[in-house]
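Asker: Take a look at coords.cif, mmCIF, C-alpha atoms:
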data_coords
loop_
_atom_site.label_atom_id
_atom_site.label_comp_id
_atom_site.auth_asym_id
_atom_site.auth_seq_id
_atom_site.Cartn_x
_atom_site.Cartn_y
_atom_site.Cartn_z
CA MET A 953 17.98 213.03 120.28
CA SER A 954 19.91 210.96 117.75
CA GLN A 955 20.33 207.20 118.10
CA THR A 956 23.98 207.72 119.09
CA GLU A 957 23.03 210.22 121.79
CA LEU A 958 20.27 207.93 123.03
CA THR A 959 22.66 204.98 123.23
CA ARG A 960 25.22 207.06 125.11
CA SER A 961 22.56 208.42 127.48
CA GLN A 962 21.32 204.91 128.23
CA ARG A 963 24.86 203.69 128.80
CA VAL A 964 25.53 206.57 131.20
CA ALA A 965 22.40 205.59 133.15
CA GLU A 966 23.72 202.02 133.37
CA LEU A 967 27.10 203.24 134.58
CA LEU A 968 25.52 205.49 137.22
CA ALA A 969 23.50 202.51 138.43
CA GLN A 970 26.80 200.62 138.86
CA SER A 971 28.63 203.49 140.53
CA ARG A 972 29.87 203.91 144.06
CA PHE A 973 29.91 206.77 146.55
CA GLU A 974 33.07 207.63 148.45
CA VAL A 975 32.50 208.98 151.96
CA LEU A 976 34.72 210.14 154.80
CA PRO A 977 34.33 208.42 158.21
CA LEU A 978 33.16 211.55 160.05
CA ASP A 979 30.41 212.15 162.59
CA GLY A 980 26.93 211.96 161.10
CA ILE A 981 27.81 210.30 157.80
CA GLU A 982 26.25 206.95 158.73
CA GLU A 983 22.90 208.65 159.29
CA GLU A 984 23.25 210.60 156.03
CA VAL A 985 23.94 207.44 154.05
CA LEU A 986 21.03 205.58 155.66
CA GLU A 987 18.63 208.44 154.90
CA HIS A 988 19.65 209.24 151.34
CA VAL A 989 21.57 206.41 149.66
CA PRO A 990 19.84 203.24 148.43
CA ARG A 991 21.34 199.86 149.31
CA GLU A 992 22.26 199.10 145.70
CA VAL A 993 24.91 201.85 145.75
CA THR A 994 28.31 200.59 146.88
CA ILE A 995 29.93 202.79 149.54
CA THR A 996 33.68 203.28 149.77
CA VAL A 997 35.09 204.61 153.03
CA THR A 998 38.29 206.65 153.06
CA ALA A 999 41.11 206.43 155.59
CA SER A 1000 42.40 209.40 157.57
CA PRO A 1001 46.18 209.91 157.91
CA THR A 1002 45.59 211.45 161.35
CA LYS A 1003 42.95 209.09 162.77
CA GLY A 1004 44.23 205.85 161.30
CA LEU A 1005 42.28 202.90 159.91
CA GLU A 1006 40.03 202.19 162.89
CA PRO A 1007 37.32 204.76 161.98
CA THR A 1008 37.30 203.32 158.44
CA ILE A 1009 36.80 199.76 159.66
CA ASP A 1010 34.20 200.81 162.25
CA LEU A 1011 32.06 202.67 159.71
CA THR A 1012 32.44 199.81 157.24
CA GLU A 1013 31.17 197.35 159.82
CA ARG A 1014 28.15 199.49 160.68
CA LEU A 1015 27.17 200.06 157.05
CA VAL A 1016 27.56 196.38 156.15
CA ALA A 1017 25.26 195.56 159.09
CA GLN A 1018 22.72 197.95 157.53
CA GLY A 1019 22.76 196.04 154.24
CA TYR A 1020 25.26 198.05 152.17
CA THR A 1021 28.08 196.71 150.04
CA VAL A 1022 31.14 198.54 151.36
CA ALA A 1023 34.68 198.82 150.01
CA PRO A 1024 36.96 200.29 152.69
CA HIS A 1025 40.20 202.01 151.80
CA LEU A 1026 43.27 200.14 152.97
CA SER A 1027 45.95 202.80 153.25
CA ALA A 1028 49.37 201.18 153.04
CA ARG A 1029 51.13 203.85 155.07
CA LEU A 1030 48.73 203.36 157.98
CA VAL A 1031 49.45 199.63 158.37
CA ALA A 1032 51.93 199.15 161.19
CA SER A 1033 53.15 195.60 160.51
CA ARG A 1034 52.44 192.28 158.82
CA ASP A 1035 50.53 191.19 161.93
CA HIS A 1036 48.47 194.37 161.79
CA LEU A 1037 47.66 193.69 158.13
CA ALA A 1038 46.69 190.10 158.94
CA GLU A 1039 44.37 191.36 161.68
CA LEU A 1040 42.76 193.88 159.31
CA VAL A 1041 42.25 191.29 156.59
CA ALA A 1042 40.77 188.80 159.05
CA ARG A 1043 38.44 191.37 160.58
CA LEU A 1044 37.16 192.57 157.22
CA GLY A 1045 36.63 188.97 156.17
CA GLU A 1046 34.56 188.34 159.30
CA ILE A 1047 32.48 191.46 158.61
CA GLY A 1048 31.71 190.14 155.15
CA VAL A 1049 33.69 192.64 153.09
CA ALA A 1050 34.47 191.32 149.60
CA ASP A 1051 35.98 194.46 148.05
CA VAL A 1052 38.83 196.67 149.26
CA PHE A 1053 40.41 199.74 147.71
CA VAL A 1054 44.17 199.78 148.24
CA VAL A 1055 45.95 203.14 148.25
CA ALA A 1056 49.32 204.40 149.40
CA GLY A 1057 47.65 206.99 151.62
CA ASP A 1058 48.46 210.55 152.64
CA ALA A 1059 50.44 209.92 155.81
CA PRO A 1060 53.75 211.78 155.45
CA GLU A 1061 55.67 208.83 156.90
CA PRO A 1062 54.74 205.13 156.82
CA HIS A 1063 53.58 203.72 160.17
CA GLY A 1064 55.20 200.42 159.24
CA PRO A 1065 57.00 198.63 156.38
CA TYR A 1066 54.59 199.62 153.59
CA ALA A 1067 55.51 202.85 151.83
CA GLY A 1068 53.15 202.29 148.89
CA ALA A 1069 50.26 200.28 147.57
CA VAL A 1070 52.42 197.72 145.74
CA GLU A 1071 54.12 196.51 148.92
CA LEU A 1072 50.77 196.13 150.67
CA LEU A 1073 49.21 194.31 147.71
CA GLU A 1074 52.13 191.88 147.62
CA GLU A 1075 51.77 191.17 151.33
CA MET A 1076 48.00 190.71 151.01
CA ALA A 1077 48.56 188.19 148.24
CA ALA A 1078 51.06 186.31 150.41
CA LEU A 1079 48.53 186.20 153.24
CA GLY A 1080 45.90 184.70 150.95
CA HIS A 1081 43.28 187.41 151.45
CA PRO A 1082 39.55 186.61 151.04
CA PHE A 1083 38.58 189.59 148.86
CA ALA A 1084 36.92 188.92 145.51
CA ASP A 1085 37.69 192.46 144.33
CA VAL A 1086 40.69 194.71 144.90
CA GLY A 1087 40.77 198.25 143.56
CA ILE A 1088 43.77 200.44 142.80
CA THR A 1089 44.12 204.13 141.95
CA GLY A 1090 44.79 205.60 138.51
CA TYR A 1091 45.98 209.12 137.66
CA PRO A 1092 44.73 210.70 134.41
CA GLU A 1093 46.88 213.75 135.18
CA SER A 1094 50.40 214.07 136.49
CA HIS A 1095 50.67 213.23 140.16
CA PRO A 1096 51.75 216.24 142.26
CA LEU A 1097 54.59 214.29 143.91
CA ILE A 1098 55.37 211.46 141.46
CA ASP A 1099 56.63 211.69 137.88
CA ASP A 1100 54.56 210.20 135.04
CA GLU A 1101 57.01 207.38 134.30
CA THR A 1102 56.77 206.20 137.88
CA THR A 1103 52.96 206.29 137.95
CA ILE A 1104 52.81 204.28 134.71
CA GLN A 1105 55.19 201.66 136.09
CA ALA A 1106 53.25 201.59 139.36
CA MET A 1107 50.07 200.84 137.40
CA PHE A 1108 51.71 197.75 135.89
CA ASP A 1109 53.09 196.69 139.26
CA LYS A 1110 49.71 197.01 140.98
CA ALA A 1111 47.49 195.72 138.18
CA ARG A 1112 48.43 192.06 138.62
CA PHE A 1113 46.87 192.13 142.10
CA ALA A 1114 43.78 194.16 141.18
CA THR A 1115 40.36 193.62 139.62
CA TYR A 1116 39.53 197.28 138.85
CA ILE A 1117 40.96 200.80 138.70
CA ALA A 1118 39.32 203.92 140.16
CA SER A 1119 40.67 207.14 138.71
CA GLN A 1120 41.48 210.37 140.46
CA VAL A 1121 39.34 213.38 139.59
CA CYS A 1122 40.23 215.22 136.40
CA PHE A 1123 38.24 218.26 135.32
CA ASP A 1124 39.18 217.86 131.66
CA PRO A 1125 37.17 214.85 130.43
CA ARG A 1126 39.20 214.70 127.21
CA ILE A 1127 42.31 213.94 129.25
CA THR A 1128 40.41 211.29 131.18
CA ALA A 1129 39.14 209.66 127.96
CA GLN A 1130 42.63 209.62 126.45
CA TRP A 1131 44.10 208.22 129.65
CA ILE A 1132 41.56 205.36 129.58
CA GLU A 1133 42.58 204.56 126.00
CA ASN A 1134 46.27 204.71 126.98
CA VAL A 1135 45.81 202.40 129.97
CA TRP A 1136 44.19 199.77 127.76
CA ALA A 1137 46.69 200.29 124.94
CA ARG A 1138 49.53 199.59 127.38
CA GLY A 1139 47.93 196.25 128.19
CA THR A 1140 46.26 196.98 131.53
CA ARG A 1141 42.79 195.67 130.70
CA LEU A 1142 41.10 196.25 134.03
CA PRO A 1143 37.64 197.86 134.18
CA ILE A 1144 37.86 201.53 135.13
CA LEU A 1145 35.66 203.50 137.50
CA VAL A 1146 35.95 207.13 136.42
CA GLY A 1147 36.45 209.45 139.38
CA ILE A 1148 34.09 212.45 139.42
CA PRO A 1149 33.02 214.87 142.15
CA GLY A 1150 29.46 214.63 143.31
CA ALA A 1151 27.04 217.55 143.49
CA VAL A 1152 29.06 219.36 146.15
CA PRO A 1153 29.51 223.03 147.08
CA ARG A 1154 32.14 224.64 144.86
CA THR A 1155 34.06 226.07 147.85
CA LYS A 1156 34.49 222.60 149.33
CA LEU A 1157 35.54 221.15 145.99
CA LEU A 1158 38.12 223.89 145.38
CA LYS A 1159 39.58 223.43 148.85
CA VAL A 1160 39.84 219.65 148.56
CA SER A 1161 41.07 219.77 144.96
CA THR A 1162 44.16 221.76 145.87
CA ARG A 1163 44.92 219.32 148.68
CA ILE A 1164 44.63 216.16 146.56
CA GLY A 1165 46.79 217.57 143.80
CA ILE A 1166 44.64 218.25 140.77
CA GLY A 1167 45.99 221.70 140.07
CA ASP A 1168 46.19 221.10 136.32
CA SER A 1169 42.47 220.42 136.36
CA LEU A 1170 41.78 223.61 138.24
CA ARG A 1171 43.76 225.56 135.66
CA PHE A 1172 41.66 223.94 132.94
CA LEU A 1173 38.54 224.88 134.89
CA ARG A 1174 39.52 228.54 134.99
CA LYS A 1175 40.20 228.62 131.25
CA ASN A 1176 37.00 226.87 130.19
CA SER A 1177 34.09 229.29 130.24
CA SER A 1178 31.37 226.63 130.12
CA PHE A 1179 32.75 224.94 133.21
CA VAL A 1180 33.25 228.23 135.01
CA SER A 1181 29.66 229.33 134.39
CA ARG A 1182 28.42 226.08 135.92
CA PHE A 1183 31.01 226.08 138.67
CA MET A 1184 30.40 229.58 139.99
CA HIS A 1185 26.75 229.07 140.86
CA GLY A 1186 26.19 226.99 143.97
CA GLY A 1187 27.04 223.31 143.78
CA PHE A 1188 29.20 221.63 141.19
CA ASP A 1189 27.43 219.90 138.30
CA PRO A 1190 29.17 216.61 137.37
CA ASP A 1191 27.34 216.27 134.03
CA PRO A 1192 30.00 217.96 131.84
CA LEU A 1193 32.65 215.55 133.13
CA ILE A 1194 30.48 212.64 132.00
CA ASP A 1195 29.30 214.12 128.72
CA GLY A 1196 32.84 215.15 127.76
CA LEU A 1197 34.09 211.55 127.83
CA GLY A 1198 32.62 211.02 124.35
CA ASP A 1199 32.66 207.63 122.64
CA VAL A 1200 34.77 205.88 125.28
CA VAL A 1201 31.54 205.59 127.31
CA THR A 1202 30.03 203.22 124.73
CA ASP A 1203 33.22 201.43 123.65
CA THR A 1204 33.02 197.66 123.33
CA PRO A 1205 34.53 195.95 125.21
CA HIS A 1206 33.39 198.31 127.94
CA LYS A 1207 36.45 200.01 129.38
CA ILE A 1208 34.41 202.11 131.81
CA ALA A 1209 32.64 200.05 134.46
CA GLY A 1210 31.01 202.89 136.38
CA PHE A 1211 31.79 206.08 138.27
CA HIS A 1212 33.65 206.52 141.52
CA VAL A 1213 31.81 209.51 142.96
CA PHE A 1214 33.69 211.65 145.48
CA THR A 1215 30.77 212.90 147.60
CA PHE A 1216 32.84 214.72 150.26
CA ASN A 1217 29.90 213.57 152.44
CA ASP A 1218 27.32 215.61 150.50
CA VAL A 1219 25.44 212.40 149.81
CA ALA A 1220 21.92 213.86 149.71
CA ASP A 1221 22.59 216.29 146.85
CA THR A 1222 24.81 213.79 145.06
CA GLU A 1223 22.16 211.06 145.17
CA ALA A 1224 19.49 213.53 143.99
CA TRP A 1225 21.72 214.41 141.01
CA ARG A 1226 22.39 210.72 140.25
CA ARG A 1227 18.67 209.94 140.18
CA ARG A 1228 17.90 212.91 137.94
CA ARG A 1229 20.62 211.94 135.51
CA MET A 1230 19.49 208.31 135.33
CA ALA A 1231 15.88 209.37 134.85
CA SER A 1232 16.83 211.62 131.94
CA ALA A 1233 17.81 208.54 129.92
#
Here is a file; write its structure as structure tokens.

Answerer:
Amino acid sequence: MSQTELTRSQRVAELLAQSRFEVLPLDGIEEEVLEHVPREVTITVTASPTKGLEPTIDLTERLVAQGYTVAPHLSARLVASRDHLAELVARLGEIGVADVFVVAGDAPEPHGPYAGAVELLEEMAALGHPFADVGITGYPESHPLIDDETTIQAMFDKARFATYIASQVCFDPRITAQWIENVWARGTRLPILVGIPGAVPRTKLLKVSTRIGIGDSLRFLRKNSSFVSRFMHGGFDPDPLIDGLGDVVTDTPHKIAGFHVFTFNDVADTEAWRRRRMASA
């Protein structure tokens, strides 16, 4: 291994140590996290457009009580009113949450006055929220429902309220690396958590990928033989998405702050992969 490869490998290990696992607030996930995920891994909890924010807050509270650092998703479209937002902010503050991830959400219609993340972020700022960290979403690829110009403008609009960006999954790491460079070149100098799938069954990943709108990535996947060979045998291997990022991993100042790992609740296999990858450094 060359000195450059060694440096990159060590940096990847550092980033994996600083990464977070995204989970869905479904039955059994609390027990899975407690059994397989160490306390130093931050957990992010998604919000369901059908079940609302209550399951997200409930799971957050239970995991915080167990000693985890938790960043719940605050889905703008699921917040019914300013009073509802104030109640959520107060409750999370009482729980001890210091980090929230603000998204527009997948609800087809807003439950209240907040159609997108910007409106919710503005209202949170007006309320004087207690959170030390606020995350926003970034899109390396075109959004399935929003044109590129709008997503770029939305990044500027949201960035002034945020402390970090977590990117959506992209199966072409070259696109992700270029997007990171573009975000910084445009003047948005927030640390970026690169979104990657965990070690999850390929059937689950394919199903979810089509729902969350990363069709361009799936087309890349089908055309790239090295990815396909890995993808068609059991669980997905996240390593190529990390290795393909190239020199942006070791850039100074560090533009990448870690990985936002979409576990789809397969936390046992994902944590086993994370440990193996860190040990290889």

Asker: Find the residues near Val989 (chain A): any atom within 12 Å, counting all atoms listed in the file, skip ones fewer than 4 places away on the same chain, and give them as a ChimeraX atom specification.

Answerer: /A:971-975,981-985,993-995,1015,1018-1021,1215,1217-1227

Asker: Running the PyMOL selection byres ((chain A and resi 1213) around 6) on this model by hand, what would come out? Give it as a list in words.

Answerer: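 That expression, the PyMOL selection byres ((chain A and resi 1213) around 6), corresponds here to Phe973, Glu974, Gly1147, Ile1148, Pro1149, Gly1150, Phe1211, His1212, Phe1214 and Thr1215 of chain A.
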
Asker: Let's have the selection written as a tab-separated table (two decimals), keeping the file's coordinate frame, with C-alpha atoms.

Answerer:
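Final file, selection-v2.tsv:
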chain	number	residue	atom	x	y	z
A	973	PHE	CA	29.91	206.77	146.55
A	974	GLU	CA	33.07	207.63	148.45
A	1147	GLY	CA	36.45	209.45	139.38
A	1148	ILE	CA	34.09	212.45	139.42
A	1149	PRO	CA	33.02	214.87	142.15
A	1150	GLY	CA	29.46	214.63	143.31
A	1211	PHE	CA	31.79	206.08	138.27
A	1212	HIS	CA	33.65	206.52	141.52
A	1214	PHE	CA	33.69	211.65	145.48
A	1215	THR	CA	30.77	212.90	147.60

Asker: Can you tell me how far CA of Gln1130 (chain A) sits from CA of Ala1231 (chain A), in Å to one decimal?

Answerer: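 CA of Gln1130 (chain A) sits 28.0 Å away from CA of Ala1231 (chain A).
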
Asker: As an exercise, work out the distance from CA of Pro1024 (chain A) to CA of Gln962 (chain A) in Å and give it to one decimal place.

Answerer: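 Taking CA of Pro1024 (chain A) and CA of Gln962 (chain A), their separation equals 29.4 Å.
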
Asker: With distances taken over all atoms listed in the file, which of A:Ile1127, A:Val1022, A:Ala1137, A:Met1230 is nearest to Gly1198 (chain A)?

Answerer: A:Ile1127

Asker: Tell me which residues the PyMOL selection byres ((chain A and resi 1232) around 12) grabs here, as a JSON list (two decimals) with C-alpha atoms, in the frame of the given file.

Answerer:
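Written output follows (result.json):
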[["chain", "number", "residue", "atom", "x", "y", "z"],
["A", 953, "MET", "CA", 17.98, 213.03, 120.28],
["A", 957, "GLU", "CA", 23.03, 210.22, 121.79],
["A", 958, "LEU", "CA", 20.27, 207.93, 123.03],
["A", 960, "ARG", "CA", 25.22, 207.06, 125.11],
["A", 961, "SER", "CA", 22.56, 208.42, 127.48],
["A", 962, "GLN", "CA", 21.32, 204.91, 128.23],
["A", 963, "ARG", "CA", 24.86, 203.69, 128.80],
["A", 964, "VAL", "CA", 25.53, 206.57, 131.20],
["A", 965, "ALA", "CA", 22.40, 205.59, 133.15],
["A", 966, "GLU", "CA", 23.72, 202.02, 133.37],
["A", 968, "LEU", "CA", 25.52, 205.49, 137.22],
["A", 1191, "ASP", "CA", 27.34, 216.27, 134.03],
["A", 1225, "TRP", "CA", 21.72, 214.41, 141.01],
["A", 1226, "ARG", "CA", 22.39, 210.72, 140.25],
["A", 1227, "ARG", "CA", 18.67, 209.94, 140.18],
["A", 1228, "ARG", "CA", 17.90, 212.91, 137.94],
["A", 1229, "ARG", "CA", 20.62, 211.94, 135.51],
["A", 1230, "MET", "CA", 19.49, 208.31, 135.33],
["A", 1231, "ALA", "CA", 15.88, 209.37, 134.85],
["A", 1233, "ALA", "CA", 17.81, 208.54, 129.92]]

Asker: In Å, with one decimal, what is the gap from CA of Val1016 (chain A) to CA of Thr1002 (chain A)?

Answerer: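 Rounded to one decimal, the two atoms are 24.1 Å apart.
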
Asker: The PyMOL selection byres ((chain A and resi 1076) around 12) - which residues does that actually catch in the file I just gave you? List them as an MDAnalysis selection string.

Answerer: chainID A and resid 1026 1028 1031 1033:1042 1052 1054 1066 1069:1075 1077:1083 1086 1110 1113:1114

Asker: Using only C-alpha atoms, which residues sit within 9 Å of Arg1029 (chain A) once same-chain residues fewer than 3 positions away are excluded, as a VMD selection string?

Answerer: chain A and resid 1001 1026 1032 1055 to 1069 1072

Asker: Write the residues of the preceding selection, restricted to C-alpha atoms, as a compact mmCIF listing (two decimals), in the frame of the given file.

Answerer:
# COMPACT_ATOMS: atom_id res chain seq x y z
CA PRO A 1001 46.18 209.91 157.91
CA LEU A 1026 43.27 200.14 152.97
CA ALA A 1032 51.93 199.15 161.19
CA VAL A 1055 45.95 203.14 148.25
CA ALA A 1056 49.32 204.40 149.40
CA GLY A 1057 47.65 206.99 151.62
CA ASP A 1058 48.46 210.55 152.64
CA ALA A 1059 50.44 209.92 155.81
CA PRO A 1060 53.75 211.78 155.45
CA GLU A 1061 55.67 208.83 156.90
CA PRO A 1062 54.74 205.13 156.82
CA HIS A 1063 53.58 203.72 160.17
CA GLY A 1064 55.20 200.42 159.24
CA PRO A 1065 57.00 198.63 156.38
CA TYR A 1066 54.59 199.62 153.59
CA ALA A 1067 55.51 202.85 151.83
CA GLY A 1068 53.15 202.29 148.89
CA ALA A 1069 50.26 200.28 147.57
CA LEU A 1072 50.77 196.13 150.67

Asker: List the spatial neighbours of Val1200 (chain A) as an mmCIF file with C-alpha atoms, keeping the file's coordinate frame - criterion: any atom at most 12 Å away, all atoms listed in the file, same-chain residues fewer than 3 positions off excluded.

Answerer:
data_model
loop_
_atom_site.group_PDB
_atom_site.id
_atom_site.type_symbol
_atom_site.label_atom_id
_atom_site.label_comp_id
_atom_site.auth_asym_id
_atom_site.auth_seq_id
_atom_site.Cartn_x
_atom_site.Cartn_y
_atom_site.Cartn_z
ATOM 1 C CA ARG A 960 25.220 207.060 125.110
ATOM 2 C CA ARG A 963 24.860 203.690 128.800
ATOM 3 C CA VAL A 964 25.530 206.570 131.200
ATOM 4 C CA PRO A 1125 37.170 214.850 130.430
ATOM 5 C CA ARG A 1126 39.200 214.700 127.210
ATOM 6 C CA ILE A 1127 42.310 213.940 129.250
ATOM 7 C CA THR A 1128 40.410 211.290 131.180
ATOM 8 C CA ALA A 1129 39.140 209.660 127.960
ATOM 9 C CA GLN A 1130 42.630 209.620 126.450
ATOM 10 C CA TRP A 1131 44.100 208.220 129.650
ATOM 11 C CA ILE A 1132 41.560 205.360 129.580
ATOM 12 C CA GLU A 1133 42.580 204.560 126.000
ATOM 13 C CA ASN A 1134 46.270 204.710 126.980
ATOM 14 C CA TRP A 1136 44.190 199.770 127.760
ATOM 15 C CA ILE A 1144 37.860 201.530 135.130
ATOM 16 C CA VAL A 1146 35.950 207.130 136.420
ATOM 17 C CA ILE A 1194 30.480 212.640 132.000
ATOM 18 C CA ASP A 1195 29.300 214.120 128.720
ATOM 19 C CA GLY A 1196 32.840 215.150 127.760
ATOM 20 C CA LEU A 1197 34.090 211.550 127.830
ATOM 21 C CA ASP A 1203 33.220 201.430 123.650
ATOM 22 C CA THR A 1204 33.020 197.660 123.330
ATOM 23 C CA PRO A 1205 34.530 195.950 125.210
ATOM 24 C CA HIS A 1206 33.390 198.310 127.940
ATOM 25 C CA LYS A 1207 36.450 200.010 129.380
ATOM 26 C CA ILE A 1208 34.410 202.110 131.810
ATOM 27 C CA ALA A 1209 32.640 200.050 134.460
#

Asker: So, with only C-alpha atoms as the atoms that count, which of A:Leu1193, A:Leu1011, A:Gly1210, A:Gly1045 lies closest to Ile1117 (chain A)?

Answerer: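 For Ile1117 (chain A), the nearest of the given residues is A:Gly1210.
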